[in-house]
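Here's the structure, in structure tokens; my notes come after.
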Amino acid sequence: MTTEATPGELWRDPRVAPADRVRDLMARMTTREKVAQLYGVWVGIDSAGEVAPHQHDLIVTPPDLGALTEHGIGQLTRVFGTRPIAPEVGAHSLARTQRQIIAAGRFGIPAMVHEECLTGLAAWQATAYPSPLSWGASFEPDLVRRMASRIGRSMRGLGVHQGLAPVLDVARDLRWGRVEETIGEDPHLVGAIGAAYVAGLESAGVVATLKHFAGYSASRAGRNLAPVSIGPRELADVVLPPFEMALRAGARSVMNSYANNDGMPVAADPRMLTDLLRDTYGFTGTVVADYFAVPFLHRLHGVAIGREDAAAQALAAGIDVELPTVDCYGDPLLAGLDAGTISTDLVDRALERVLRQKCELGLLDPDFTPEPAADTDLDDAESRALARELAERSIVLLCNDGVLPLASRRRVAVVGPRANDPGAMLGCYSFPLHVGVHHPDVPMGIDVPTVLDALRAEHEVVFALGCPVLGGTDEEIADAVAAARQAEVCVAVLGDQAGLFGGGTSGEGCDSVDLRLPGRQEELLEALLGTGVPVAVVLLSGRPYELHRQIDRLSAVVCGFYPGEEGAAALAGVLSGRVNPSGRLPVSFPGPGSSQPSTYLTAALGARTEVSTVDPTPLFPFGHGLSYAPATWLTVGVEAREWPVDGTCRVVTVLRNDLEIATTEVVQIYLHDPVAEVARPVRQLIGAVKVDLAPGETRTVTAALHADLTSYTGRAGRLVEPGDVELHVGPSSANIHTVLRLMMTGARREVGFDRVMSPVFTSTR
């Protein structure tokens, strides 16, 4: 319902090429109308809880929507994600706002609407899916694609156009609070899963936003929004590949990292946002600022002398849209344009990208309507079933002496701070913990059973808290010990409380000084072990924790990385044996030394050596995960021992299920390069596939690996080089079934963004 077209207005004609439509429209716009398309507006920000860093420090005067609409509005921020609002009410309110924006401006250009959608649409009554670490633990890109597609359809039905996900930061320091938002510690896994999420969201017509480009997770000491000190090789080979893979999957927007890399804030760095992202990668979509990243150039980084200078630097670097609300790209930007200190060419460059995206979304078409879809059920049976499936496929069995699966109707003590709290299932970007926590009088909006609820339906249960996540008393621990002594087995449900900016033990702004269990939970665990009753730990957390002091005395450990609203049912299925666990660790569990946050992705000198007293060997390695019915590995071979530097190697793995229940294996292929121009990781994942096996079934899995998968950043660019390489194939990064020694043949070859980044797997019976 844009305003009526008049003859000669090419920009309103859907038959005309988008570039021509945008060019025609831009020629008709005033400077103020152009600038208005380059910022978001967050109505209600003054009453919202703290959901972004320094949110209430930076907002002095809330935006006046009515006054702004005269010139147009680029984006509307978090219409559904600011406070609890019924979906149908929010959808009709959004439609009214869009009609107001359309009617007020000369051109009637609707606003784009964006929302958070990391664990599902961050809206009241919307499905809370498992966290990204659970996506990584599933090792199932297609399942994540299906989830993202469903999230996208819900968003589009409400009138939302852009989702601020996925997070493609590779976990580098496990103390970082935002590890729960990452997919894992390996760039190939992060890229494969992240690209699948992008494909799913974009298939629903919603713009996926890659964040945080780039380097954010490599901050010093695992501190949020801290400086980053990494070299160009780590940036190129660890941090950037997931973004490259996701861009190929069709992502149409990118969000900058808050951090400064070697002193240069990304929000002001044209080398990152223009030279690399656009000139090298060929990205043509929009770059949106992480919330308040533009004023941070002045307020936090100290590289801009004021808001006008911050706007100039961000715009020149390549940030097209200021989020979450109008600030530096408002009056300060207009002042710089009037004074001639900011070039109008920079505004036009950003505006062309913004309008082209609106054109692609149909927002410039004469038949556009803001009216929502009729169905606004955001947590229907199909969504819950998908959430359950992903949760079940992501639960990781770390160890088991035979106590699991639990026999039916056993006498079970269920203890621990995470046993009877629905929030134990949810990450910090789920609506209940991101927004709902600021509205304690409002119901959660979705049904989130607890582990206690799920186990009570199957067993004779006695419950005791033991201790909260933080704090607690000796009496509470004593009550838990008494409960354990009444039982045949004790299930201790431990872990994190997700939150924001100190409101939890995991999440944005909730970093950890070490990797010990929070609060008195280790003390509680020791007391339970002292009873002599078998103890199975269920860990519900946003990061791995150190368990080495107890591991030899624990009967089992099961890990769920915030498995979502259906997580308790999934865990009960695993504990009972109805679900054979098939998750694999996307992050390593630390060994002795609770402040050793290293990951598996390290060169030889990063592993255990005789010249250091610190042993970084993990307790449970990347890719680890047990099954109640492990598959039998029959053979692993390769079709040819020579691998051309521009050719394909085929690895063939034969698996068999010799048991009477269905099982699942994850075939993992790691590259080891014995001699290279630079020090390379001892092992690095280059391919993985999940294989389901019925009882008695044999499957042959073939991996077609292009030589580009061996490429790395050498002394002068990215290359594939001839020489010896090894492929390590097995069920985890530390459990290698077969080492395949190959010879790369041919001349050294340089590769770039167009290189092959994913293997092709086929499976036959």
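The chains in the structure tokens are called A, B, ... from first to last as shown; in each chain the residues are counted from 1, and the ligands are counted from 1 in the order shown.
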
- Quick one: pick out all strand (DSSP E) residues within range 110-285 of chain A from a backbone DSSP run and write them as a PyMOL selection string. chain A and resi 112-115+162-163+207-213+253-256+260-261+264-265

Selection from above, C-alpha atoms, as a compact mmCIF listing (two decimals), in the first residue's frame, can you write it?
```txt
# COMPACT_ATOMS: atom_id res chain seq x y z
CA MET A 112 12.45 -2.81 7.39
CA VAL A 113 11.78 -4.59 10.68
CA HIS A 114 14.44 -6.61 12.46
CA GLU A 115 14.41 -8.94 15.44
CA GLN A 162 15.55 -9.25 9.01
CA GLY A 163 16.90 -11.59 11.67
CA VAL A 207 17.43 -11.46 5.63
CA ALA A 208 20.04 -13.35 7.65
CA THR A 209 22.63 -11.20 9.45
CA LEU A 210 26.09 -12.64 10.07
CA LYS A 211 27.69 -11.57 13.30
CA HIS A 212 30.06 -10.45 14.59
CA PHE A 213 32.37 -9.60 11.68
CA SER A 253 23.46 -8.68 5.79
CA VAL A 254 26.51 -8.52 8.04
CA MET A 255 26.91 -6.98 11.51
CA ASN A 256 30.23 -5.61 12.69
CA ASN A 260 39.14 -3.47 18.14
CA ASN A 261 41.57 -5.73 16.32
CA MET A 264 41.51 -0.73 15.16
CA PRO A 265 37.77 -0.83 15.91
```

- Please, which residues of range 160-256 of chain A, numbered as in this document, come out alpha helix (DSSP H) from DSSP, as a VMD selection string? chain A and resid 187 to 203 232 to 234 241 to 248

- Task: Please identify all polymer residues within 10 Å of range 664-666 of chain A, counting only C-alpha atoms, omitting same-chain residues fewer than 5 positions from it, and present them as a PyMOL selection string.
- Result: chain A and resi 138-140+393+580-584+623-633+655-657+688-694+730-732

- Note on the structure: Val160 in chain A proximity check over A:Val579, A:Val79, A:Leu528, A:Val287, using only C-alpha atoms: winner is A:Val79

Could you give me, as CSV, every range 688-741 of chain A residue with an atom at most 9 Å from range 645-648 of chain A, plus its closest atom pair and distance in Å to one decimal, counting only C-alpha atoms, rows ordered by chain then number?
```
residue,atom,partner,partner_atom,distance
A:Ala704,CA,A:Thr648,CA,6.2
A:Leu705,CA,A:Thr648,CA,5.3
A:His706,CA,A:Thr648,CA,4.3
A:Ala707,CA,A:Val645,CA,5.5
A:Asp708,CA,A:Asp646,CA,7.2
A:Thr710,CA,A:Val645,CA,9.0
A:Val720,CA,A:Val645,CA,6.3
A:Glu721,CA,A:Val645,CA,6.7
A:Pro722,CA,A:Val645,CA,6.5
```

- Task: With a distance cut-off of 9 Å and only C-alpha atoms, select the neighbouring residues of Val51 in chain A, excluding the residue or stretch itself and same-chain residues fewer than 5 positions from it, and output the selection as an NGL selection string.
- Result: :A and (82 or 434-435 or 500-501)

Write to file, as a PDB file, in the first residue's frame, the residues of the selection just made, with C-alpha atoms.
```pdb
ATOM      1  CA  THR A  82      11.289  -5.129  23.547  1.00  0.00           C
ATOM      2  CA  HIS A 434      16.537 -11.868  27.362  1.00  0.00           C
ATOM      3  CA  VAL A 435      13.378  -9.817  27.871  1.00  0.00           C
ATOM      4  CA  LEU A 500      23.025 -10.631  30.414  1.00  0.00           C
ATOM      5  CA  PHE A 501      25.630  -8.254  31.829  1.00  0.00           C
TER       6      PHE A 501
END
```
